[in-house]
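Shown next: protein.txt, containing compact mmCIF, C-alpha atoms.
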# COMPACT_ATOMS: atom_id res chain seq x y z
CA MET A 1 0.00 0.00 0.00
CA THR A 2 1.37 3.41 -0.89
CA SER A 3 0.22 6.85 0.27
CA THR A 4 0.63 9.95 -1.87
CA VAL A 5 -1.45 12.62 -0.10
CA PRO A 6 -0.99 13.98 3.46
CA ALA A 7 -3.05 12.29 6.16
CA SER A 8 -4.72 15.63 6.89
CA LEU A 9 -6.91 15.04 3.86
CA THR A 10 -8.65 12.18 5.65
CA ARG A 11 -11.03 14.62 7.37
CA MET A 12 -14.67 14.13 6.52
CA ALA A 13 -16.16 16.58 4.04
CA GLU A 14 -18.09 19.22 5.98
CA GLY A 15 -21.82 18.60 6.11
CA SER A 16 -21.56 15.14 4.56
CA ALA A 17 -21.53 11.60 5.94
CA LEU A 18 -19.26 10.55 3.07
CA GLN A 19 -15.74 9.99 4.43
CA ALA A 20 -13.88 8.47 1.47
CA VAL A 21 -14.24 7.12 -2.06
CA PHE A 22 -12.50 3.95 -3.22
CA LEU A 23 -12.25 3.01 -6.88
CA ASP A 24 -11.30 -0.14 -8.73
CA MET A 25 -8.91 0.30 -11.66
CA ASP A 26 -9.35 -2.10 -14.62
CA GLY A 27 -12.73 -1.64 -16.25
CA THR A 28 -13.75 1.05 -13.75
CA LEU A 29 -11.31 3.93 -14.27
CA VAL A 30 -9.39 2.59 -17.27
CA ASP A 31 -10.75 0.63 -20.21
CA THR A 32 -8.34 -2.30 -19.80
CA GLU A 33 -10.47 -5.36 -19.02
CA GLY A 34 -10.19 -6.24 -22.70
CA PHE A 35 -6.41 -5.90 -22.47
CA TRP A 36 -6.28 -8.70 -19.89
CA TRP A 37 -8.46 -11.00 -21.99
CA ASP A 38 -6.41 -10.28 -25.12
CA ALA A 39 -3.22 -11.09 -23.18
CA GLU A 40 -4.73 -14.34 -21.94
CA VAL A 41 -5.89 -15.34 -25.42
CA GLU A 42 -2.47 -14.56 -26.87
CA VAL A 43 -0.46 -16.42 -24.23
CA PHE A 44 -2.64 -19.52 -24.30
CA GLY A 45 -2.60 -19.47 -28.11
CA GLU A 46 1.18 -19.71 -27.97
CA LEU A 47 0.75 -22.66 -25.60
CA GLY A 48 -1.48 -24.36 -28.17
CA HIS A 49 -4.85 -23.66 -26.57
CA THR A 50 -7.89 -21.65 -27.66
CA LEU A 51 -9.86 -19.89 -24.94
CA ASP A 52 -13.65 -20.12 -24.98
CA ASP A 53 -15.30 -16.68 -24.95
CA SER A 54 -17.65 -17.86 -22.17
CA TRP A 55 -14.65 -18.08 -19.83
CA ARG A 56 -14.20 -14.33 -20.03
CA ASP A 57 -17.10 -13.73 -17.62
CA VAL A 58 -15.54 -16.20 -15.19
CA VAL A 59 -12.09 -14.60 -15.03
CA VAL A 60 -13.05 -10.92 -15.28
CA GLY A 61 -12.20 -8.89 -12.20
CA GLY A 62 -10.56 -11.79 -10.47
CA PRO A 63 -7.17 -11.86 -8.80
CA MET A 64 -4.43 -13.25 -11.00
CA THR A 65 -4.18 -16.47 -8.99
CA ARG A 66 -7.86 -17.26 -9.49
CA SER A 67 -8.15 -16.19 -13.12
CA ALA A 68 -4.92 -17.79 -14.29
CA GLY A 69 -5.55 -20.90 -12.23
CA TYR A 70 -8.99 -21.33 -13.76
CA LEU A 71 -7.62 -21.05 -17.31
CA ILE A 72 -4.85 -23.56 -16.62
CA GLU A 73 -7.41 -26.04 -15.31
CA ALA A 74 -9.89 -25.35 -18.12
CA THR A 75 -7.32 -25.81 -20.90
CA GLY A 76 -4.98 -28.34 -19.31
CA ALA A 77 -2.06 -26.14 -20.36
CA ASP A 78 1.39 -27.37 -19.34
CA ILE A 79 2.46 -24.30 -17.37
CA THR A 80 2.70 -23.41 -13.70
CA LEU A 81 0.69 -20.63 -12.11
CA ALA A 82 3.88 -18.69 -11.34
CA GLU A 83 5.09 -18.95 -14.95
CA LEU A 84 1.73 -17.90 -16.36
CA THR A 85 1.47 -14.93 -14.00
CA VAL A 86 4.78 -13.57 -15.28
CA LEU A 87 3.74 -13.98 -18.92
CA LEU A 88 0.34 -12.35 -18.45
CA ASN A 89 1.76 -9.36 -16.58
CA GLU A 90 4.39 -8.87 -19.28
CA ARG A 91 1.81 -8.97 -22.10
CA PHE A 92 -0.49 -6.61 -20.22
CA GLU A 93 2.33 -4.16 -19.61
CA GLN A 94 3.12 -4.20 -23.32
CA ARG A 95 -0.45 -3.16 -24.06
CA ILE A 96 -0.70 -0.37 -21.51
CA GLY A 97 2.68 0.85 -22.72
CA ARG A 98 0.91 1.82 -25.96
CA GLY A 99 -1.60 3.95 -24.07
CA VAL A 100 -4.25 3.61 -21.36
CA PRO A 101 -7.76 4.74 -22.35
CA LEU A 102 -9.81 6.18 -19.49
CA MET A 103 -13.43 5.20 -19.01
CA PRO A 104 -16.03 7.88 -19.83
CA GLY A 105 -16.44 10.18 -16.82
CA ALA A 106 -13.29 9.00 -15.02
CA GLU A 107 -11.25 12.16 -15.60
CA ARG A 108 -14.05 14.44 -14.44
CA LEU A 109 -14.88 12.39 -11.35
CA LEU A 110 -11.28 12.14 -10.17
CA GLY A 111 -10.85 15.86 -10.71
CA GLU A 112 -13.97 16.66 -8.70
CA LEU A 113 -12.95 14.43 -5.78
CA ALA A 114 -9.49 16.01 -5.72
CA ALA A 115 -10.91 19.55 -5.90
CA HIS A 116 -13.07 18.87 -2.82
CA ASN A 117 -10.27 17.13 -0.89
CA VAL A 118 -12.24 13.87 -0.64
CA PRO A 119 -9.90 11.06 0.49
CA THR A 120 -9.68 8.76 -2.53
CA ALA A 121 -8.06 5.33 -2.85
CA LEU A 122 -7.32 3.16 -5.85
CA VAL A 123 -8.03 -0.45 -4.81
CA SER A 124 -7.10 -3.04 -7.43
CA ALA A 125 -6.48 -6.77 -7.71
CA SER A 126 -3.72 -5.97 -10.18
CA HIS A 127 -0.11 -6.19 -9.02
CA ARG A 128 1.85 -3.15 -7.87
CA ARG A 129 4.00 -3.09 -11.02
CA ILE A 130 0.86 -2.77 -13.13
CA ILE A 131 -0.79 -0.14 -10.92
CA ASP A 132 2.31 2.04 -10.97
CA ARG A 133 2.31 2.02 -14.78
CA VAL A 134 -1.39 2.95 -14.99
CA LEU A 135 -0.99 5.74 -12.41
CA HIS A 136 0.96 7.71 -14.98
CA ALA A 137 -2.29 8.04 -16.93
CA LEU A 138 -4.62 8.51 -13.97
CA GLY A 139 -2.46 10.91 -11.98
CA ARG A 140 -0.77 9.57 -8.85
CA ASP A 141 -1.44 12.75 -6.90
CA ARG A 142 -5.19 12.23 -7.15
CA PHE A 143 -5.10 9.30 -4.73
CA THR A 144 -4.62 9.41 -0.99
CA LEU A 145 -3.36 5.84 -1.23
CA THR A 146 -3.30 2.88 -3.56
CA VAL A 147 -3.75 -0.81 -2.68
CA ALA A 148 -2.44 -3.55 -4.99
CA GLY A 149 -3.55 -7.17 -5.15
CA ASP A 150 -0.09 -8.48 -4.29
CA GLU A 151 0.10 -6.34 -1.15
CA VAL A 152 -2.65 -8.13 0.77
CA THR A 153 -2.82 -11.73 1.96
CA ARG A 154 -6.31 -12.10 0.51
CA THR A 155 -7.41 -9.92 -2.38
CA LYS A 156 -10.86 -9.54 -3.96
CA PRO A 157 -13.45 -11.04 -3.50
CA HIS A 158 -12.30 -10.96 0.14
CA PRO A 159 -12.87 -7.69 2.02
CA ASP A 160 -9.21 -7.22 3.01
CA PRO A 161 -8.24 -4.63 0.33
CA TYR A 162 -11.14 -2.34 1.19
CA LEU A 163 -10.69 -2.74 4.93
CA LEU A 164 -7.03 -1.81 4.46
CA ALA A 165 -8.01 1.26 2.43
CA ALA A 166 -10.51 2.37 5.08
CA ARG A 167 -7.90 2.07 7.82
CA GLY A 168 -5.40 3.87 5.65
CA VAL A 169 -7.59 6.99 5.35
CA GLY A 170 -9.07 6.71 8.85
CA ALA A 171 -12.61 6.14 7.63
CA GLU A 172 -15.51 3.92 8.67
CA PRO A 173 -16.23 1.35 5.92
CA GLY A 174 -19.95 2.12 6.09
CA ARG A 175 -19.23 5.73 5.19
CA CYS A 176 -17.04 4.86 2.23
CA ALA A 177 -18.38 4.70 -1.31
CA VAL A 178 -16.82 2.07 -3.56
CA ILE A 179 -17.03 2.12 -7.35
CA GLU A 180 -16.56 -1.30 -9.00
CA ASP A 181 -17.24 -2.88 -12.38
CA THR A 182 -17.26 -6.64 -11.57
CA ALA A 183 -19.13 -8.98 -9.26
CA THR A 184 -15.82 -9.96 -7.67
CA GLY A 185 -15.03 -6.39 -6.71
CA VAL A 186 -18.58 -5.70 -5.56
CA ALA A 187 -18.44 -8.77 -3.30
CA ALA A 188 -15.19 -7.53 -1.73
CA ALA A 189 -16.54 -4.04 -1.07
CA GLU A 190 -19.82 -5.28 0.36
CA ALA A 191 -18.06 -7.81 2.59
CA ALA A 192 -16.03 -4.90 3.97
CA GLY A 193 -19.25 -3.05 4.80
CA CYS A 194 -18.85 -0.31 2.18
CA ARG A 195 -21.58 1.20 0.02
CA VAL A 196 -21.25 0.24 -3.62
CA VAL A 197 -21.81 1.86 -6.97
CA ALA A 198 -21.57 -0.83 -9.64
CA VAL A 199 -20.66 0.20 -13.19
CA PRO A 200 -20.69 -3.16 -15.05
CA SER A 201 -18.05 -3.48 -17.76
CA VAL A 202 -18.14 -7.06 -19.09
CA ALA A 203 -20.76 -9.01 -17.13
CA PRO A 204 -24.04 -7.61 -15.74
CA ILE A 205 -24.46 -6.83 -12.04
CA ALA A 206 -27.89 -6.76 -10.44
CA PRO A 207 -29.03 -4.04 -8.00
CA ALA A 208 -29.20 -5.09 -4.34
CA ALA A 209 -29.51 -3.69 -0.84
CA GLY A 210 -26.67 -1.25 -0.19
CA ARG A 211 -25.77 -1.15 -3.88
CA VAL A 212 -26.77 0.94 -6.88
CA VAL A 213 -26.04 0.10 -10.50
CA VAL A 214 -25.35 2.76 -13.13
CA GLY A 215 -24.44 2.59 -16.79
CA SER A 216 -21.39 4.82 -16.72
CA LEU A 217 -19.19 6.97 -14.49
CA GLU A 218 -20.76 9.90 -16.31
CA GLU A 219 -23.76 9.32 -14.03
CA VAL A 220 -21.63 9.62 -10.88
CA ASP A 221 -20.48 12.82 -9.18
CA LEU A 222 -19.71 13.92 -5.62
CA ARG A 223 -23.31 14.87 -4.90
CA PHE A 224 -24.45 11.44 -6.09
CA LEU A 225 -21.96 9.72 -3.75
CA ARG A 226 -22.85 11.91 -0.77
CA THR A 227 -26.53 11.18 -1.31
CA LEU A 228 -25.80 7.44 -1.53
CA ILE A 229 -24.05 7.41 1.85
CA ALA A 230 -26.60 9.69 3.54
CA ARG A 231 -29.50 7.55 2.32
CA MET A 232 -27.93 4.26 3.42
CA ASN A 233 -26.70 5.35 6.86
Represent the supplied structure as structure tokens.
Amino acid sequence: MTSTVPASLTRMAEGSALQAVFLDMDGTLVDTEGFWWDAEVEVFGELGHTLDDSWRDVVVGGPMTRSAGYLIEATGADITLAELTVLLNERFEQRIGRGVPLMPGAERLLGELAAHNVPTALVSASHRRIIDRVLHALGRDRFTLTVAGDEVTRTKPHPDPYLLAARGVGAEPGRCAVIEDTATGVAAAEAAGCRVVAVPSVAPIAPAAGRVVVGSLEEVDLRFLRTLIARMN
């Protein structure tokens, strides 16, 4: 976990129950979920295996160990999890090296949160080496802290990453809004006790108690997030 903004910014916004906003990275802030699938298809193709498109919904949003492990089992590929993890990270890095497209509304939302000094964390199942590359596009100074998947014992769908983020900014999980694009990430945030805004990228996510579903980050602003927390607390 790395911190890039002084701890003084962890104060709660005046007149609001919202204490912090946590955002997933791939598929939520940056349009890179397809990059991961393309990397997986390419690597397994070189191993002599064709991936079934239906597997994409299974592996999306998952930690590398789960996603890669599933594909090894599904294909019977002769490769270890450790070897595959290295290959996939390398192929993904090659793709983001050619540019990282932001999701619609991401730039505006991050700018608004920063302008109002709302403690903001990037919470991703991706490894630190990947996050650090993407932060060049997102703006490292816009995040109070960042949490990577290889920095916690249990990553998504377990609550650990979001509990760590809440402790890191000194916030109560129930007063933190989380923005996620996959069922795996939503499960992690809800298990931590956070309020969730789901912005589905690849697979649909159904509305539920303590969760709202929107079509795009363009529908989300600070007022929306403050209202979400106030209504659910």
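Pairwise distance (CA of Ala115 (chain A), CA of Gly170 (chain A)) equals 19.6 Å.
Between Gly97 (chain A) and the residues A:Leu110, A:Ile72, A:Ala137, A:Val43, the shortest atom-to-atom distance, using all atoms listed in the file, involves A:Ala137.
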**OP:** List the neighbours of Asp57 (chain A) out to 8 Å using only C-alpha atoms; skip same-chain residues closer than 3 positions along the sequence, and give me the result as a VMD selection string.
**Re:** chain A and resid 54 60 202 to 203
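Distances to Tyr162 (chain A) were evaluated for A:Leu87, A:Ala198, A:Val186, A:Val123 using all atoms listed in the file, and the minimum falls at A:Val123.
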**OP:** For each of A:Gly193, A:Gly185, A:Pro161, A:Gly168, take the minimum atom-to-atom distance to Ile205 (chain A), counting all atoms listed in the file, then give the residue where this is smallest.
**Re:** A:Gly185
**OP:** Using all atoms listed in the file, pick whichever of A:Val30, A:Leu23, A:Val178, A:Ala189 has the shortest atom-to-atom distance to His136 (chain A).
**Re:** A:Val30
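Using only C-alpha atoms for every distance, the candidate list A:Ala148, A:Ala121, A:Ile179, A:Ile96 yields A:Ile179 as the residue closest to Asp221 (chain A).
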**OP:** Just the residues within 12 Å of Thr50 (chain A), please, counting only C-alpha atoms, with nothing from its chain fewer than 6 positions along; format it as an MDAnalysis selection string.
**Re:** chainID A and resid 38 40:44 71:72 74:77
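We find CA of Thr28 (chain A) and CA of Leu51 (chain A) to be spaced 24.1 Å apart.
Between CA of Asp24 (chain A) and CA of Arg142 (chain A) lies a distance of 13.9 Å.
Between Ala230 (chain A) and the candidates A:Val212, A:Val118, A:Ala17, A:Ala191, the tightest atom-to-atom separation, counting all atoms listed in the file, involves A:Ala17.
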Each side padded by 5 Å, which centre and which edge lengths in Å (one decimal) define the axis-aligned box around the listed atoms of region 144-153 of chain A? Give them as lines of an AutoDock Vina configuration file.
center_x = -2.3
center_y = -1.2
center_z = -1.6
size_x = 14.7
size_y = 31.1
size_z = 17.1
**OP:** Extract, using all atoms listed in the file, all DNA, RNA and protein residues at most 10 Å from Arg223 (chain A), discarding same-chain residues fewer than 3 positions from it, and format them as an NGL selection string.
**Re:** :A and (16 or 18 or 220 or 226-228)
Written selection (C-alpha atoms) as an mmCIF file, in the coordinates of the input:
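Printed below is out_5.cif as written:
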data_model
loop_
_atom_site.group_PDB
_atom_site.id
_atom_site.type_symbol
_atom_site.label_atom_id
_atom_site.label_comp_id
_atom_site.auth_asym_id
_atom_site.auth_seq_id
_atom_site.Cartn_x
_atom_site.Cartn_y
_atom_site.Cartn_z
ATOM 1 C CA SER A 16 -21.560 15.140 4.560
ATOM 2 C CA LEU A 18 -19.260 10.550 3.070
ATOM 3 C CA VAL A 220 -21.630 9.620 -10.880
ATOM 4 C CA ARG A 226 -22.850 11.910 -0.770
ATOM 5 C CA THR A 227 -26.530 11.180 -1.310
ATOM 6 C CA LEU A 228 -25.800 7.440 -1.530
#
Original post:
Counting only C-alpha atoms, what is within 8 Å of Pro157 (chain A), bar same-chain residues fewer than 2 positions away, as a ChimeraX atom specification?
Top reply: /A:62,155,159,184-188
